[in-house]
Amino acid sequence: MEKQGVLSSQLLVKNRVFEVALDGDLLSWRELVRRTRISGGVRDALRAGFCLAKVLHRSRDTSGSRSVAVSEIIAVRETEPDSCLKEDGRWQKMAQTHPCAFTVSYVERGSQHCWRCVDVTFQCPDGALCQRWVQAIKEQLSLLTSRPKRLLVYINPYGGKRQGKRIYEQKVAPLFARASISTEVIVTERANHARDHLNTEADLRRYSGVVCVGGDGMFSEVIHGLLARTQRDAGVDQNCAEESLVPCTLRVGIIPAGSTDCICYATVGINDPITSALHIIVGDSQPMDVCSIHHNNTFLRYSVSLLGYGFYGDVLADSESKQWMGPARYDISGVKTFLTHNYYEGTVSFLPAQSSLGSPRDKTRCSAGCYVCLHSGQLHSRDRRACEGDEDVSGREDDGAGGWQVLRGKFLAINSASMSCACPRSPKGLSPAAHLADGTADLILVRKCSRLNFLRHLLRHTSKDDQFDLDFVEVHRVRRFRFTPRHCESELDLKEHGKTLFGHICRDHPACGCTALNSSWNCDGEILQQAAIDVGVHCQLIRLFARGIEEPVITEDMRGLNAV
């Protein structure tokens, strides 16, 4: 029986009869439970009632009923009927009465934000009905205009454990093929290969998205190429720190295959290639803020996760000479930097995010459908339209009412987090309440303290304790900040008088016991040699094939029915 706009049939699944319905954007199937006839004595009645209760319990959302949103269906295709039918007369008869079949591939959620592609096969009594079902589902899928049709894929074969090419070919490419997504694959041959190709050669009009297979460094290459291309095409000067940058129209997908995959972990919730591939296939879209970094009116780099001066900059700088050690180099360099315990003097000035929803120390985590990011995006879109129309935009969100604030001191670490920077080792990240797309960054200042206190601060990154609840740590939500090291002007004076020789000897000679004048900035895993920088946050400048971290939902385990 079919209602208007609803396709409904009784079909076989794993030799059991199901009522299958396609109602708009939802595909559901429910097992038809046959009535149990009770007769002959109290014992038989009780036994039959007990068996019936077991059947009804089993059919209630465990193996007997399931629904899937059409938006999470990967593909549908005609297939052969199940070959695993029992070899008795009853099942052979049912197979003969249902000779045609179609298979639906869809997303199934596992634990820890893991996604998997699962198949369920429906057997039909005739070919016409089978084709009708396949056509109806394909028509619904064709309405999902956010799904990519053609992707430009960059593979870093040298990142992490050098498994990028194998991961893509064995785990990702088959899923793209099943979803009828065409790809152009480029295996990078040198550093910044992807950046340069996107910036100069790639015909971006041919693609609906760009995918990078690698770690955070590979992702950084891709966004630098895309953003540079976008700004050049729009006539925007990247060297001007006051410019409003133009957002990219192409979404970026990340297939994790690097030493660190913090960006993937913070936007999806897990570093799993299959999960990331499925987010790309279903056409998810997650906006993300980007920080631009300038020095003396010259553009240096973009950052999307962590800018770290002091401790994190020193760790990265020391690890550069230990690349042969692989990911373990960060542990070795981290211990060495901690024991060295250098601090750096300077001035930090910042523009507070006065009108931002939330604060760095609230308990609100950025997740899928985040209200804070949605609200900020709406305000940002309004302001951009007003600017393009030369309207009065006084009082807009990024005016930064309250003015600049200035702090001076000795710092062990100065960190700017545009996202939580969560990773498997630090599930909460450097700033647990940071948001992906609210147009702000959390500026974390760790002032000079004892080694023991600094260790307490570092250990809180791996625990549930408030890592900012220490008297030598402060955090500010900002839209822009600048840092000027104390010795910056002194070094310039020395160079003018030709007195730099002693400084270089002292800095590179450990026996003298001196402290380096300046640290380096760790910009998403890349070193910035310039210590004095100007950083601005650009709201929702790029979009990822992601949806943010989904809140956990308690569902019944239904893998038994849907396993292939």
# chains A, B, ... in the order shown; residues from 1 in each chain; ligands from 1
>>> residues_around(residues="Val13 (chain A)", least_positions_apart="5", cutoff="8 Å", atoms="only C-alpha atoms", output="list of chain:residue names")
A:Phe18, A:Val120, A:Thr121, A:Phe122, A:Gln123
>>> write_last_selection(atoms="N, CA, C and O atoms", output="PDB file, in the first residue's frame")
ATOM      1  N   PHE A  18      10.532  -7.588   5.081  1.00  0.00           N
ATOM      2  CA  PHE A  18      10.551  -6.240   5.643  1.00  0.00           C
ATOM      3  C   PHE A  18       9.597  -5.345   4.881  1.00  0.00           C
ATOM      4  O   PHE A  18       9.403  -5.496   3.675  1.00  0.00           O
ATOM      5  N   VAL A 120      23.267  -2.869   2.514  1.00  0.00           N
ATOM      6  CA  VAL A 120      22.093  -3.688   2.793  1.00  0.00           C
ATOM      7  C   VAL A 120      21.444  -4.012   1.445  1.00  0.00           C
ATOM      8  O   VAL A 120      21.277  -3.139   0.592  1.00  0.00           O
ATOM      9  N   THR A 121      21.116  -5.282   1.233  1.00  0.00           N
ATOM     10  CA  THR A 121      20.560  -5.743  -0.044  1.00  0.00           C
ATOM     11  C   THR A 121      19.088  -6.082   0.127  1.00  0.00           C
ATOM     12  O   THR A 121      18.714  -6.844   1.030  1.00  0.00           O
ATOM     13  N   PHE A 122      18.255  -5.514  -0.735  1.00  0.00           N
ATOM     14  CA  PHE A 122      16.816  -5.762  -0.732  1.00  0.00           C
ATOM     15  C   PHE A 122      16.464  -6.617  -1.951  1.00  0.00           C
ATOM     16  O   PHE A 122      16.832  -6.282  -3.080  1.00  0.00           O
ATOM     17  N   GLN A 123      15.757  -7.720  -1.718  1.00  0.00           N
ATOM     18  CA  GLN A 123      15.335  -8.607  -2.811  1.00  0.00           C
ATOM     19  C   GLN A 123      13.893  -8.306  -3.197  1.00  0.00           C
ATOM     20  O   GLN A 123      13.011  -8.185  -2.336  1.00  0.00           O
TER      21      GLN A 123
END
>>> select_by_dssp(residues="region 315-410 of chain A", states="helix (DSSP H, G or I)", output="ChimeraX atom specification")
/A:315-325,328-340,371-388,397-399
>>> write_last_selection(atoms="C-alpha atoms", output="mmCIF file, in the first residue's frame")
data_model
loop_
_atom_site.group_PDB
_atom_site.id
_atom_site.type_symbol
_atom_site.label_atom_id
_atom_site.label_comp_id
_atom_site.auth_asym_id
_atom_site.auth_seq_id
_atom_site.Cartn_x
_atom_site.Cartn_y
_atom_site.Cartn_z
ATOM 1 C CA VAL A 315 60.302 22.320 20.239
ATOM 2 C CA LEU A 316 59.716 22.584 16.505
ATOM 3 C CA ALA A 317 63.041 24.323 15.849
ATOM 4 C CA ASP A 318 64.957 21.657 17.768
ATOM 5 C CA SER A 319 63.081 18.811 16.051
ATOM 6 C CA GLU A 320 64.139 19.988 12.580
ATOM 7 C CA SER A 321 67.539 18.343 12.991
ATOM 8 C CA LYS A 322 65.938 15.074 14.095
ATOM 9 C CA GLN A 323 63.589 14.344 11.191
ATOM 10 C CA TRP A 324 65.224 10.945 10.729
ATOM 11 C CA MET A 325 63.569 9.929 14.005
ATOM 12 C CA ALA A 328 59.326 10.463 18.016
ATOM 13 C CA ARG A 329 61.453 13.568 17.403
ATOM 14 C CA TYR A 330 58.754 15.746 18.943
ATOM 15 C CA ASP A 331 58.917 13.815 22.228
ATOM 16 C CA ILE A 332 62.713 14.086 22.407
ATOM 17 C CA SER A 333 62.725 17.770 21.526
ATOM 18 C CA GLY A 334 59.866 18.406 23.946
ATOM 19 C CA VAL A 335 61.790 16.958 26.891
ATOM 20 C CA LYS A 336 64.931 18.869 25.921
ATOM 21 C CA THR A 337 63.039 22.162 25.569
ATOM 22 C CA PHE A 338 61.258 21.630 28.879
ATOM 23 C CA LEU A 339 64.555 21.094 30.694
ATOM 24 C CA THR A 340 66.109 24.143 29.004
ATOM 25 C CA TYR A 371 25.345 28.107 17.465
ATOM 26 C CA VAL A 372 28.307 30.389 18.208
ATOM 27 C CA CYS A 373 29.848 29.754 14.782
ATOM 28 C CA LEU A 374 26.470 30.056 13.040
ATOM 29 C CA HIS A 375 25.766 33.389 14.732
ATOM 30 C CA SER A 376 29.233 34.724 13.887
ATOM 31 C CA GLY A 377 28.869 33.628 10.275
ATOM 32 C CA GLN A 378 25.566 35.475 9.932
ATOM 33 C CA LEU A 379 27.069 38.667 11.330
ATOM 34 C CA HIS A 380 30.128 38.311 9.101
ATOM 35 C CA SER A 381 27.961 37.856 5.996
ATOM 36 C CA ARG A 382 25.912 40.909 6.919
ATOM 37 C CA ASP A 383 29.037 43.022 7.380
ATOM 38 C CA ARG A 384 30.539 41.851 4.089
ATOM 39 C CA ARG A 385 27.351 42.738 2.207
ATOM 40 C CA ALA A 386 27.324 46.123 3.904
ATOM 41 C CA CYS A 387 30.953 46.766 2.939
ATOM 42 C CA GLU A 388 30.323 45.772 -0.673
ATOM 43 C CA GLU A 397 31.069 42.830 15.255
ATOM 44 C CA ASP A 398 34.723 43.197 14.270
ATOM 45 C CA ASP A 399 35.034 46.873 15.258
#
>>> atom_distance(atom1="CA of Ser180 (chain A)", atom2="CA of Thr79 (chain A)")
16.5 Å
>>> closest_atom_pairs(of="region 107-187 of chain A", to="region 267-279 of chain A", cutoff="9 Å", atoms="only C-alpha atoms", output="Markdown table")
| residue | atom | partner | partner_atom | distance |
| --- | --- | --- | --- | --- |
| A:Val107 | CA | A:Leu278 | CA | 7.5 |
| A:Gln112 | CA | A:Ile270 | CA | 6.9 |
| A:His113 | CA | A:Gly269 | CA | 5.8 |
| A:Cys114 | CA | A:Thr275 | CA | 5.9 |
| A:Trp115 | CA | A:Thr275 | CA | 4.7 |
| A:Arg116 | CA | A:Thr275 | CA | 6.5 |
| A:Cys117 | CA | A:Leu278 | CA | 7.6 |
| A:Ile167 | CA | A:Pro273 | CA | 7.4 |
| A:Tyr168 | CA | A:Pro273 | CA | 8.1 |
| A:Lys171 | CA | A:Ile274 | CA | 6.3 |
| A:Val172 | CA | A:Ala277 | CA | 6.0 |
| A:Ala173 | CA | A:Ala277 | CA | 8.8 |
| A:Leu175 | CA | A:Ala277 | CA | 7.4 |
| A:Phe176 | CA | A:Ala277 | CA | 7.8 |
>>> write_last_selection(atoms="C-alpha atoms", output="mmCIF file, in the first residue's frame")
data_model
loop_
_atom_site.group_PDB
_atom_site.id
_atom_site.type_symbol
_atom_site.label_atom_id
_atom_site.label_comp_id
_atom_site.auth_asym_id
_atom_site.auth_seq_id
_atom_site.Cartn_x
_atom_site.Cartn_y
_atom_site.Cartn_z
ATOM 1 C CA VAL A 107 26.862 5.609 6.448
ATOM 2 C CA GLN A 112 34.549 7.555 18.780
ATOM 3 C CA HIS A 113 33.061 9.425 15.773
ATOM 4 C CA CYS A 114 34.053 6.604 13.422
ATOM 5 C CA TRP A 115 32.005 6.199 10.218
ATOM 6 C CA ARG A 116 31.789 3.128 8.024
ATOM 7 C CA CYS A 117 30.147 2.356 4.685
ATOM 8 C CA ILE A 167 45.859 4.687 2.126
ATOM 9 C CA TYR A 168 44.262 6.518 -0.773
ATOM 10 C CA LYS A 171 40.691 2.814 1.415
ATOM 11 C CA VAL A 172 39.552 6.039 -0.241
ATOM 12 C CA ALA A 173 39.551 5.555 -4.021
ATOM 13 C CA LEU A 175 34.615 4.705 -1.921
ATOM 14 C CA PHE A 176 34.891 7.610 -4.360
#
